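To start, the structure under review is shown below, and the notes come after it.
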Amino acid sequence: MTVRLLTNIGRLWTGSEVWSNAAVLTQGDRIAWVGAASELPESIPGVVEDIVDVDQVENLNGCLVTPGLIDAHTHPVYAGNRWAELAMRSSGSSANEIAAAGGGIASTVTVTRGTDPWTLCNGVRARLREWLVSGTTTIEAKTGFHLTRDGELADVRLLRSLANEPGMPRVHVTFLAANAIPPEYFGRRSDYVDAVGAWCSDAAVAGADSVDVYCEEGRFSEREARWVLTAGRAAGLLPRLHACGQSRTTAARLAADLGCASADLLHEACEEDVFALAGAGVASVLCPATSLQLGKLPPVRALLDKGVAVALGSDHDPGANGITSMPMVISLAVSHFGMSVSEALRAATLGGAQALRAPDRGAMARGRYADIVAWDADHEGAFAWSYGLKPLRIWRGGEPAL
């Protein structure tokens with residue numbers, strides 16, 4: 001296993017503290033030591049007998065270093081685009097007018113179903129690469145634009161296979177067949193809900209980590225979400241929930257009642273929802289770009305004050321936004337949500353790890369994955385200024401990715 005020393009780090013943001021003039025030692029894909037450069041030991045048992053004998057030494061010239069970022073909410077498996085629809089929406093067109101013009105989620109489903117697997121795979125591969133080169137070393141990636149058993153399972157396998165390719169971020173795969181009712185199930189809503197519940201065990205075998213339901217007026221009810229999430233949990237999938245995104249529902253409390261890994265969006269969440277999530281230990285995944293588009297603000301400060309684990313997501317989606325830069329999401333969280341830079345950066349690292357139930361990443365600490373980013377800055381305050389801070393170097397599992 002390669003032993004690598006990253007030295008002359010001007011400022012090291014670990015997730016829990018900040019070190020000046022720091023160093024990091026990695027062994028294979030894990031962090032072996034981290035701290036002030038002046039305290040670097042001469043040897044580390046089981047890692048290196050003499051620090052001068054490390055395999056590679058890299059001088060980072062005084063830059064800022066953080067853990068790799070985590071995007072905890074994305075929808076990257078689709079074909080085509082909905083730019084015309086977005087232009088109509090910006091001009092004040094209603095959902096019915098957009099649907100009459102051939103837009104809406106049904107248009108993405110139609111194009112995605114009609115795209116050959118090779119072309120679809122290449123498109124998703126290119127998107128995942130964009131996340132990695134912007135400093136995001138882990139993403140949560142949802143299916144949800146085939147809405148057939150075979151298509152959704154193929155999407156799970158696609159994401160799982162891409163995660164194993166060089167130059168890709170780590171991928172937490174979420175099975176979201178309960179994204180919308182497909183057109184062929186018109187008038188047979190309960191049949192589709194039953195079908196999705198039955199597909200969960202197949203999704204787990206195919207490589208999914210989680211199951212999600214879009215619980216919203218016009219999508220799936222709390223009762224339907226409970227059915228699917230219970231089936232998913234029985235199959236070994238972590239339950240998570242699109243909750244209170246655009247309408248006032250009791251979805252957040254359902255997430256708390258079921259002990260979901262995360263409740264996402266929460267733009268319409270109330271104080272009672274916050275208490276429920278805090279009491280149940282459910283993480284909240286907040287998406288500032290979507291909040292800006294909807295003109296609705298989740299109860300960010302209440303969630304933080306009550307000790308709810310807050311994560312950030314881009315909510316990359318063909319009908320919402322094309323953001324693949326978590327540095328931009330951090331900037332938006334600071335400016336739009338009123339989070340401090342430290343709170344936003346923590347939400348994009350440790351918070352994301354908590355939402356994904358992945359304690360092996362999200363912090364600069366011994367034993368964690370050596371997912372590390374060196375930024376074109378000397379202080380984390382640059383995230384509040386740049387609106388898309390650029391990385392200089394990226395290591396995924398201790399190996400250079402940029």
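Starting from 1 in every chain, residues are counted up; chains themselves are A, B, ... following the order of the structure tokens, and ligands are numbered from 1 as listed.
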Non-local contacts of Cys215 in chain A (10 Å; only C-alpha atoms; under 6 positions in same chain excluded) as a ChimeraX atom specification: /A:178-180,221-226,241-247,249-252,254
Contacts of Gly307 in chain A at 12 Å (only C-alpha atoms; same-chain gap of 5+ positions) as a PyMOL selection string: chain A and resi 274-284+300-302+351
Residues as selected, N, CA and C atoms, written as a PDB file, in the first residue's frame, can you do that?
ATOM      1  N   VAL A 274     -39.436  19.636  13.155  1.00  0.00           N
ATOM      2  CA  VAL A 274     -38.056  19.733  13.627  1.00  0.00           C
ATOM      3  C   VAL A 274     -37.878  18.934  14.916  1.00  0.00           C
ATOM      4  N   PHE A 275     -38.804  19.082  15.846  1.00  0.00           N
ATOM      5  CA  PHE A 275     -38.728  18.330  17.104  1.00  0.00           C
ATOM      6  C   PHE A 275     -38.764  16.828  16.842  1.00  0.00           C
ATOM      7  N   ALA A 276     -39.632  16.420  15.917  1.00  0.00           N
ATOM      8  CA  ALA A 276     -39.758  14.985  15.614  1.00  0.00           C
ATOM      9  C   ALA A 276     -38.464  14.438  15.024  1.00  0.00           C
ATOM     10  N   LEU A 277     -37.866  15.172  14.083  1.00  0.00           N
ATOM     11  CA  LEU A 277     -36.620  14.722  13.460  1.00  0.00           C
ATOM     12  C   LEU A 277     -35.492  14.661  14.484  1.00  0.00           C
ATOM     13  N   ALA A 278     -35.431  15.666  15.353  1.00  0.00           N
ATOM     14  CA  ALA A 278     -34.387  15.695  16.374  1.00  0.00           C
ATOM     15  C   ALA A 278     -34.537  14.519  17.330  1.00  0.00           C
ATOM     16  N   GLY A 279     -35.765  14.235  17.738  1.00  0.00           N
ATOM     17  CA  GLY A 279     -36.000  13.150  18.675  1.00  0.00           C
ATOM     18  C   GLY A 279     -35.708  11.784  18.096  1.00  0.00           C
ATOM     19  N   ALA A 280     -35.895  11.646  16.783  1.00  0.00           N
ATOM     20  CA  ALA A 280     -35.698  10.345  16.132  1.00  0.00           C
ATOM     21  C   ALA A 280     -34.295  10.169  15.578  1.00  0.00           C
ATOM     22  N   GLY A 281     -33.470  11.210  15.620  1.00  0.00           N
ATOM     23  CA  GLY A 281     -32.112  11.108  15.084  1.00  0.00           C
ATOM     24  C   GLY A 281     -32.068  11.005  13.575  1.00  0.00           C
ATOM     25  N   VAL A 282     -33.041  11.621  12.898  1.00  0.00           N
ATOM     26  CA  VAL A 282     -33.096  11.604  11.437  1.00  0.00           C
ATOM     27  C   VAL A 282     -32.336  12.801  10.891  1.00  0.00           C
ATOM     28  N   ALA A 283     -31.417  12.570   9.970  1.00  0.00           N
ATOM     29  CA  ALA A 283     -30.678  13.668   9.354  1.00  0.00           C
ATOM     30  C   ALA A 283     -31.583  14.441   8.396  1.00  0.00           C
ATOM     31  N   SER A 284     -31.280  15.722   8.211  1.00  0.00           N
ATOM     32  CA  SER A 284     -32.010  16.533   7.237  1.00  0.00           C
ATOM     33  C   SER A 284     -31.065  16.878   6.094  1.00  0.00           C
ATOM     34  N   VAL A 300     -33.742  26.126   8.729  1.00  0.00           N
ATOM     35  CA  VAL A 300     -32.329  25.758   8.879  1.00  0.00           C
ATOM     36  C   VAL A 300     -31.840  25.986  10.303  1.00  0.00           C
ATOM     37  N   ARG A 301     -32.073  27.192  10.844  1.00  0.00           N
ATOM     38  CA  ARG A 301     -31.541  27.506  12.162  1.00  0.00           C
ATOM     39  C   ARG A 301     -32.188  26.643  13.239  1.00  0.00           C
ATOM     40  N   ALA A 302     -33.466  26.385  13.106  1.00  0.00           N
ATOM     41  CA  ALA A 302     -34.140  25.527  14.088  1.00  0.00           C
ATOM     42  C   ALA A 302     -33.568  24.113  14.060  1.00  0.00           C
ATOM     43  N   GLY A 351     -21.930  16.100   7.813  1.00  0.00           N
ATOM     44  CA  GLY A 351     -23.380  15.984   7.720  1.00  0.00           C
ATOM     45  C   GLY A 351     -23.800  15.015   6.637  1.00  0.00           C
TER      46      GLY A 351
END
Neighbour list for Asp116 in chain A as a PyMOL selection string, cut-off 12 Å, only C-alpha atoms, skip fewer than 4 positions in-chain: chain A and resi 78-79+111-112+120-123+151+154
Take the residues that were just selected and, keeping N, CA and C atoms, output them as a PDB file, in the first residue's frame.
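out.pdb written:
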ATOM      1  N   TYR A  78     -30.540  10.190 -16.166  1.00  0.00           N
ATOM      2  CA  TYR A  78     -31.593  10.632 -17.085  1.00  0.00           C
ATOM      3  C   TYR A  78     -30.964  10.939 -18.426  1.00  0.00           C
ATOM      4  N   ALA A  79     -31.820  11.077 -19.419  1.00  0.00           N
ATOM      5  CA  ALA A  79     -31.385  11.503 -20.752  1.00  0.00           C
ATOM      6  C   ALA A  79     -32.173  12.743 -21.154  1.00  0.00           C
ATOM      7  N   VAL A 111     -37.985  10.247 -22.666  1.00  0.00           N
ATOM      8  CA  VAL A 111     -36.685  10.323 -23.331  1.00  0.00           C
ATOM      9  C   VAL A 111     -35.713   9.309 -22.733  1.00  0.00           C
ATOM     10  N   THR A 112     -35.728   9.151 -21.431  1.00  0.00           N
ATOM     11  CA  THR A 112     -34.818   8.206 -20.778  1.00  0.00           C
ATOM     12  C   THR A 112     -35.123   6.778 -21.214  1.00  0.00           C
ATOM     13  N   LEU A 120     -26.959   6.383 -22.458  1.00  0.00           N
ATOM     14  CA  LEU A 120     -27.348   6.777 -21.110  1.00  0.00           C
ATOM     15  C   LEU A 120     -26.158   6.658 -20.157  1.00  0.00           C
ATOM     16  N   CYS A 121     -25.439   5.554 -20.252  1.00  0.00           N
ATOM     17  CA  CYS A 121     -24.281   5.326 -19.391  1.00  0.00           C
ATOM     18  C   CYS A 121     -23.230   6.406 -19.591  1.00  0.00           C
ATOM     19  N   ASN A 122     -22.946   6.767 -20.830  1.00  0.00           N
ATOM     20  CA  ASN A 122     -21.936   7.789 -21.103  1.00  0.00           C
ATOM     21  C   ASN A 122     -22.336   9.144 -20.522  1.00  0.00           C
ATOM     22  N   GLY A 123     -23.633   9.457 -20.604  1.00  0.00           N
ATOM     23  CA  GLY A 123     -24.107  10.715 -20.047  1.00  0.00           C
ATOM     24  C   GLY A 123     -23.963  10.761 -18.536  1.00  0.00           C
ATOM     25  N   GLY A 151     -36.069  -1.164 -15.959  1.00  0.00           N
ATOM     26  CA  GLY A 151     -35.335   0.085 -16.143  1.00  0.00           C
ATOM     27  C   GLY A 151     -34.732   0.598 -14.856  1.00  0.00           C
ATOM     28  N   ALA A 154     -31.871  -1.629 -13.842  1.00  0.00           N
ATOM     29  CA  ALA A 154     -30.721  -1.361 -14.715  1.00  0.00           C
ATOM     30  C   ALA A 154     -30.009  -0.084 -14.279  1.00  0.00           C
TER      31      ALA A 154
END
From a DSSP pass on the backbone, collect the residues of range 60-277 of chain A flagged as strand (DSSP E) and hand them back as a PDB file with C-alpha atoms, in the first residue's frame.
ATOM      1  CA  LEU A  64      -6.487  24.984   2.367  1.00  0.00           C
ATOM      2  CA  VAL A  65      -7.222  21.257   2.713  1.00  0.00           C
ATOM      3  CA  THR A  66     -10.557  19.663   3.650  1.00  0.00           C
ATOM      4  CA  PRO A  67     -12.179  16.240   3.501  1.00  0.00           C
ATOM      5  CA  LEU A  69     -17.209  16.919  -0.124  1.00  0.00           C
ATOM      6  CA  ILE A  70     -20.415  14.859  -0.060  1.00  0.00           C
ATOM      7  CA  ASP A  71     -23.486  15.649  -2.165  1.00  0.00           C
ATOM      8  CA  ALA A  72     -26.329  13.987  -0.260  1.00  0.00           C
ATOM      9  CA  HIS A  73     -29.159  14.450  -2.801  1.00  0.00           C
ATOM     10  CA  THR A  74     -28.890  14.012  -6.588  1.00  0.00           C
ATOM     11  CA  THR A 136     -17.054  15.976  -4.388  1.00  0.00           C
ATOM     12  CA  THR A 137     -15.754  12.512  -3.570  1.00  0.00           C
ATOM     13  CA  THR A 138     -19.112  10.954  -2.576  1.00  0.00           C
ATOM     14  CA  ILE A 139     -22.579  11.460  -4.009  1.00  0.00           C
ATOM     15  CA  GLU A 140     -25.973  10.015  -3.199  1.00  0.00           C
ATOM     16  CA  ALA A 141     -27.473   9.135  -6.592  1.00  0.00           C
ATOM     17  CA  LYS A 142     -31.140   8.309  -7.134  1.00  0.00           C
ATOM     18  CA  ARG A 170     -18.024   7.053  -4.455  1.00  0.00           C
ATOM     19  CA  VAL A 171     -21.729   6.478  -5.123  1.00  0.00           C
ATOM     20  CA  HIS A 172     -24.465   5.758  -2.592  1.00  0.00           C
ATOM     21  CA  VAL A 173     -27.255   4.324  -4.767  1.00  0.00           C
ATOM     22  CA  THR A 174     -30.863   5.151  -3.870  1.00  0.00           C
ATOM     23  CA  PHE A 175     -33.790   3.288  -5.426  1.00  0.00           C
ATOM     24  CA  LEU A 176     -36.442   5.918  -6.279  1.00  0.00           C
ATOM     25  CA  ALA A 177     -38.982   4.053  -8.393  1.00  0.00           C
ATOM     26  CA  ALA A 178     -41.533   5.902  -6.234  1.00  0.00           C
ATOM     27  CA  SER A 210     -31.313   3.073   0.105  1.00  0.00           C
ATOM     28  CA  VAL A 211     -34.943   3.408  -0.894  1.00  0.00           C
ATOM     29  CA  ASP A 212     -36.669   6.772  -1.258  1.00  0.00           C
ATOM     30  CA  VAL A 213     -40.214   8.012  -1.910  1.00  0.00           C
ATOM     31  CA  TYR A 214     -41.258  11.405  -3.249  1.00  0.00           C
ATOM     32  CA  CYS A 215     -43.895  12.112  -0.602  1.00  0.00           C
ATOM     33  CA  LEU A 238     -31.934   2.379   4.268  1.00  0.00           C
ATOM     34  CA  PRO A 239     -35.197   4.367   4.112  1.00  0.00           C
ATOM     35  CA  ARG A 240     -35.079   8.065   3.238  1.00  0.00           C
ATOM     36  CA  LEU A 241     -37.843  10.446   2.215  1.00  0.00           C
ATOM     37  CA  HIS A 242     -38.519  13.512   0.069  1.00  0.00           C
ATOM     38  CA  ALA A 243     -40.420  15.426   2.747  1.00  0.00           C
ATOM     39  CA  SER A 262     -32.757  11.262   6.140  1.00  0.00           C
ATOM     40  CA  ALA A 263     -35.665  13.581   5.458  1.00  0.00           C
ATOM     41  CA  ASP A 264     -34.854  15.734   2.430  1.00  0.00           C
ATOM     42  CA  LEU A 265     -35.801  19.242   1.230  1.00  0.00           C
TER      43      LEU A 265
END
Å distance separating CA of Trp19 in chain A from CA of Ile372 in chain A, one decimal place: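 That distance, rounded to one decimal, is 14.9 Å.
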Using only C-alpha atoms: which of A:His146, A:Asn96, A:Gly218, A:Pro117 has the shortest distance to Arg189 in chain A: A:Gly218
CA of Ile44 in chain A to CA of Glu399 in chain A, distance in Å rounded to a single decimal: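 Computed distance, CA of Ile44 in chain A to CA of Glu399 in chain A, equals 20.4 Å.
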Rows by chain and residue number, range 8-79 of chain A within 7 Å of range 359-363 of chain A, shortest pair, only C-alpha atoms, as CSV:
residue,atom,partner,partner_atom,distance
A:Thr14,CA,A:Ala363,CA,5.5
A:Gly15,CA,A:Ala363,CA,5.2
A:Pro67,CA,A:Ala363,CA,5.4
A:Gly68,CA,A:Gly362,CA,6.7
Residue selection dump (N, CA and C atoms) as an mmCIF file, in the first residue's frame:
data_model
loop_
_atom_site.group_PDB
_atom_site.id
_atom_site.type_symbol
_atom_site.label_atom_id
_atom_site.label_comp_id
_atom_site.auth_asym_id
_atom_site.auth_seq_id
_atom_site.Cartn_x
_atom_site.Cartn_y
_atom_site.Cartn_z
ATOM 1 N N THR A 14 -10.545 19.911 9.485
ATOM 2 C CA THR A 14 -10.721 18.475 9.676
ATOM 3 C C THR A 14 -12.170 18.045 9.801
ATOM 4 N N GLY A 15 -13.053 18.987 10.104
ATOM 5 C CA GLY A 15 -14.433 18.657 10.405
ATOM 6 C C GLY A 15 -14.774 18.959 11.846
ATOM 7 N N PRO A 67 -11.714 17.547 3.989
ATOM 8 C CA PRO A 67 -12.179 16.240 3.501
ATOM 9 C C PRO A 67 -12.881 16.410 2.155
ATOM 10 N N GLY A 68 -12.946 15.350 1.379
ATOM 11 C CA GLY A 68 -13.736 15.385 0.156
ATOM 12 C C GLY A 68 -15.185 15.712 0.478
#
Pairwise distance for CA of Phe383 in chain A and CA of Gly135 in chain A, rounded to one decimal in Å: 12.3 Å
Distance query range 328-330 of chain A at most 8 Å, only C-alpha atoms, self and fewer than 2 positions along chain excluded, as number ranges by chain: A: 287-289, 312-314, 323, 325-326, 332-334, 341, 344-345, 348, 383-384, 386-389
Each residue of range 152-221 of chain A with at least one atom at most 9 Å from range 229-235 of chain A should appear once, together with its nearest atom pair and the corresponding distance in Å (one decimal); atoms considered: only C-alpha atoms; ordering: chain, then increasing residue number; output as JSON lines.
{"residue": "A:Val196", "atom": "CA", "partner": "A:Ala231", "partner_atom": "CA", "distance": 8.9}
{"residue": "A:Gly197", "atom": "CA", "partner": "A:Ala231", "partner_atom": "CA", "distance": 5.3}
{"residue": "A:Ala198", "atom": "CA", "partner": "A:Ala231", "partner_atom": "CA", "distance": 7.3}
{"residue": "A:Trp199", "atom": "CA", "partner": "A:Gly232", "partner_atom": "CA", "distance": 8.6}
{"residue": "A:Cys200", "atom": "CA", "partner": "A:Gly232", "partner_atom": "CA", "distance": 5.2}
{"residue": "A:Ser201", "atom": "CA", "partner": "A:Ala235", "partner_atom": "CA", "distance": 4.8}
{"residue": "A:Asp202", "atom": "CA", "partner": "A:Ala235", "partner_atom": "CA", "distance": 8.4}
{"residue": "A:Ala203", "atom": "CA", "partner": "A:Ala235", "partner_atom": "CA", "distance": 8.6}
{"residue": "A:Ala204", "atom": "CA", "partner": "A:Ala235", "partner_atom": "CA", "distance": 6.5}
{"residue": "A:Val205", "atom": "CA", "partner": "A:Ala235", "partner_atom": "CA", "distance": 8.9}
{"residue": "A:Ser210", "atom": "CA", "partner": "A:Gly232", "partner_atom": "CA", "distance": 7.7}
{"residue": "A:Val211", "atom": "CA", "partner": "A:Gly232", "partner_atom": "CA", "distance": 5.9}
{"residue": "A:Asp212", "atom": "CA", "partner": "A:Leu229", "partner_atom": "CA", "distance": 7.0}
{"residue": "A:Val213", "atom": "CA", "partner": "A:Leu229", "partner_atom": "CA", "distance": 7.4}
Among the residues A:Thr119, A:Ser107, A:Gln56, A:Gln354, the one that comes closest to Pro318 in chain A [using only C-alpha atoms]: A:Ser107
Best match for closeness to Ala401 in chain A among A:Ala311, A:Ala195, A:Ala353, A:Val133, counting only C-alpha atoms: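 Nearest to Ala401 in chain A: A:Val133.
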DSSP-assigned helix (DSSP H, G or I) among range 148-367 of chain A, expressed as a PyMOL selection string: chain A and resi 149-163+183-185+189-206+222-234+251-258+271-280+288-294+300-305+326-337+341-347+350-355
How would the residues just picked look written out with C-alpha atoms as an mmCIF file, in the first residue's frame?
data_model
loop_
_atom_site.group_PDB
_atom_site.id
_atom_site.type_symbol
_atom_site.label_atom_id
_atom_site.label_comp_id
_atom_site.auth_asym_id
_atom_site.auth_seq_id
_atom_site.Cartn_x
_atom_site.Cartn_y
_atom_site.Cartn_z
ATOM 1 C CA ARG A 149 -38.916 -2.692 -12.915
ATOM 2 C CA ASP A 150 -36.252 -3.544 -15.474
ATOM 3 C CA GLY A 151 -35.335 0.085 -16.143
ATOM 4 C CA GLU A 152 -34.990 1.041 -12.491
ATOM 5 C CA LEU A 153 -32.930 -2.051 -11.689
ATOM 6 C CA ALA A 154 -30.721 -1.361 -14.715
ATOM 7 C CA ASP A 155 -30.170 2.159 -13.358
ATOM 8 C CA VAL A 156 -29.109 0.729 -9.994
ATOM 9 C CA ARG A 157 -26.606 -1.564 -11.722
ATOM 10 C CA LEU A 158 -25.386 1.323 -13.890
ATOM 11 C CA LEU A 159 -24.626 3.506 -10.883
ATOM 12 C CA ARG A 160 -22.981 0.651 -9.023
ATOM 13 C CA SER A 161 -20.757 -0.204 -11.993
ATOM 14 C CA LEU A 162 -19.731 3.415 -12.609
ATOM 15 C CA ALA A 163 -18.719 3.819 -8.971
ATOM 16 C CA PRO A 183 -48.416 6.808 -17.546
ATOM 17 C CA GLU A 184 -49.106 3.104 -18.123
ATOM 18 C CA TYR A 185 -50.407 2.864 -14.542
ATOM 19 C CA ARG A 189 -52.168 3.810 -8.702
ATOM 20 C CA SER A 190 -52.302 1.165 -5.965
ATOM 21 C CA ASP A 191 -50.956 -1.435 -8.388
ATOM 22 C CA TYR A 192 -47.856 0.658 -8.991
ATOM 23 C CA VAL A 193 -47.273 1.267 -5.281
ATOM 24 C CA ASP A 194 -47.540 -2.482 -4.655
ATOM 25 C CA ALA A 195 -45.164 -3.158 -7.550
ATOM 26 C CA VAL A 196 -42.523 -0.741 -6.259
ATOM 27 C CA GLY A 197 -42.662 -2.374 -2.848
ATOM 28 C CA ALA A 198 -42.149 -5.766 -4.472
ATOM 29 C CA TRP A 199 -39.166 -4.476 -6.500
ATOM 30 C CA CYS A 200 -37.238 -3.363 -3.398
ATOM 31 C CA SER A 201 -35.663 -6.771 -2.751
ATOM 32 C CA ASP A 202 -34.487 -6.907 -6.365
ATOM 33 C CA ALA A 203 -33.047 -3.407 -6.013
ATOM 34 C CA ALA A 204 -31.061 -4.488 -2.971
ATOM 35 C CA VAL A 205 -29.663 -7.463 -4.874
ATOM 36 C CA ALA A 206 -28.781 -5.159 -7.792
ATOM 37 C CA GLU A 222 -47.804 9.273 3.513
ATOM 38 C CA ARG A 223 -49.637 5.939 3.541
ATOM 39 C CA GLU A 224 -48.102 4.923 0.218
ATOM 40 C CA ALA A 225 -44.657 6.084 1.344
ATOM 41 C CA ARG A 226 -44.920 4.029 4.527
ATOM 42 C CA TRP A 227 -45.728 0.920 2.490
ATOM 43 C CA VAL A 228 -42.772 1.311 0.121
ATOM 44 C CA LEU A 229 -40.253 2.322 2.794
ATOM 45 C CA THR A 230 -41.296 -0.570 5.043
ATOM 46 C CA ALA A 231 -40.816 -2.976 2.133
ATOM 47 C CA GLY A 232 -37.436 -1.413 1.395
ATOM 48 C CA ARG A 233 -36.262 -1.725 4.982
ATOM 49 C CA ALA A 234 -37.320 -5.381 5.032
ATOM 50 C CA ALA A 251 -43.978 13.543 5.660
ATOM 51 C CA ALA A 252 -41.237 14.785 8.017
ATOM 52 C CA ARG A 253 -42.998 13.208 10.978
ATOM 53 C CA LEU A 254 -43.430 10.020 8.959
ATOM 54 C CA ALA A 255 -39.647 10.015 8.407
ATOM 55 C CA ALA A 256 -39.184 10.363 12.156
ATOM 56 C CA ASP A 257 -41.723 7.641 12.925
ATOM 57 C CA LEU A 258 -39.987 5.218 10.539
ATOM 58 C CA GLU A 271 -41.459 23.414 14.416
ATOM 59 C CA GLU A 272 -43.227 20.152 15.228
ATOM 60 C CA ASP A 273 -41.406 18.484 12.328
ATOM 61 C CA VAL A 274 -38.056 19.733 13.627
ATOM 62 C CA PHE A 275 -38.728 18.330 17.104
ATOM 63 C CA ALA A 276 -39.758 14.985 15.614
ATOM 64 C CA LEU A 277 -36.620 14.722 13.460
ATOM 65 C CA ALA A 278 -34.387 15.695 16.374
ATOM 66 C CA GLY A 279 -36.000 13.150 18.675
ATOM 67 C CA ALA A 280 -35.698 10.345 16.132
ATOM 68 C CA PRO A 288 -30.348 25.612 -1.247
ATOM 69 C CA ALA A 289 -30.598 25.836 -5.054
ATOM 70 C CA THR A 290 -34.053 24.242 -4.993
ATOM 71 C CA SER A 291 -35.074 26.466 -2.103
ATOM 72 C CA LEU A 292 -34.101 29.515 -4.146
ATOM 73 C CA GLN A 293 -36.084 28.291 -7.142
ATOM 74 C CA LEU A 294 -39.200 27.645 -5.073
ATOM 75 C CA VAL A 300 -32.329 25.758 8.879
ATOM 76 C CA ARG A 301 -31.541 27.506 12.162
ATOM 77 C CA ALA A 302 -34.140 25.527 14.088
ATOM 78 C CA LEU A 303 -32.712 22.255 12.751
ATOM 79 C CA LEU A 304 -29.174 23.244 13.740
ATOM 80 C CA ASP A 305 -30.240 24.545 17.153
ATOM 81 C CA MET A 326 -20.766 21.262 -4.053
ATOM 82 C CA PRO A 327 -18.556 24.337 -3.494
ATOM 83 C CA MET A 328 -21.357 26.329 -5.145
ATOM 84 C CA VAL A 329 -23.923 24.616 -2.912
ATOM 85 C CA ILE A 330 -21.845 25.602 0.138
ATOM 86 C CA SER A 331 -21.763 29.209 -1.091
ATOM 87 C CA LEU A 332 -25.546 29.189 -1.538
ATOM 88 C CA ALA A 333 -26.033 27.696 1.926
ATOM 89 C CA VAL A 334 -24.044 30.582 3.396
ATOM 90 C CA SER A 335 -25.787 33.340 1.431
ATOM 91 C CA HIS A 336 -29.333 31.949 1.228
ATOM 92 C CA PHE A 337 -29.670 29.798 4.349
ATOM 93 C CA VAL A 341 -19.001 28.860 6.508
ATOM 94 C CA SER A 342 -18.078 26.262 9.123
ATOM 95 C CA GLU A 343 -21.704 25.083 9.413
ATOM 96 C CA ALA A 344 -22.076 24.792 5.639
ATOM 97 C CA LEU A 345 -18.738 23.048 5.188
ATOM 98 C CA ARG A 346 -19.564 20.649 7.999
ATOM 99 C CA ALA A 347 -22.950 19.918 6.380
ATOM 100 C CA LEU A 350 -19.681 15.218 8.182
ATOM 101 C CA GLY A 351 -23.380 15.984 7.720
ATOM 102 C CA GLY A 352 -23.434 14.155 4.409
ATOM 103 C CA ALA A 353 -21.676 11.183 5.976
ATOM 104 C CA GLN A 354 -24.318 11.089 8.708
ATOM 105 C CA ALA A 355 -27.168 11.291 6.196
#
Val57 in chain A environment, 7 Å, only C-alpha atoms, sequence neighbours closer than 5 positions dropped, as a PyMOL selection string: chain A and resi 4-6
Go ahead and dump the residues you just picked, N, CA and C atoms, as an mmCIF file, in the first residue's frame.
data_model
loop_
_atom_site.group_PDB
_atom_site.id
_atom_site.type_symbol
_atom_site.label_atom_id
_atom_site.label_comp_id
_atom_site.auth_asym_id
_atom_site.auth_seq_id
_atom_site.Cartn_x
_atom_site.Cartn_y
_atom_site.Cartn_z
ATOM 1 N N ARG A 4 1.677 7.969 1.639
ATOM 2 C CA ARG A 4 1.824 9.291 1.033
ATOM 3 C C ARG A 4 1.790 10.355 2.129
ATOM 4 N N LEU A 5 2.700 11.311 2.061
ATOM 5 C CA LEU A 5 2.737 12.413 3.016
ATOM 6 C C LEU A 5 2.347 13.704 2.303
ATOM 7 N N LEU A 6 1.290 14.334 2.764
ATOM 8 C CA LEU A 6 0.876 15.646 2.269
ATOM 9 C C LEU A 6 1.358 16.670 3.292
#
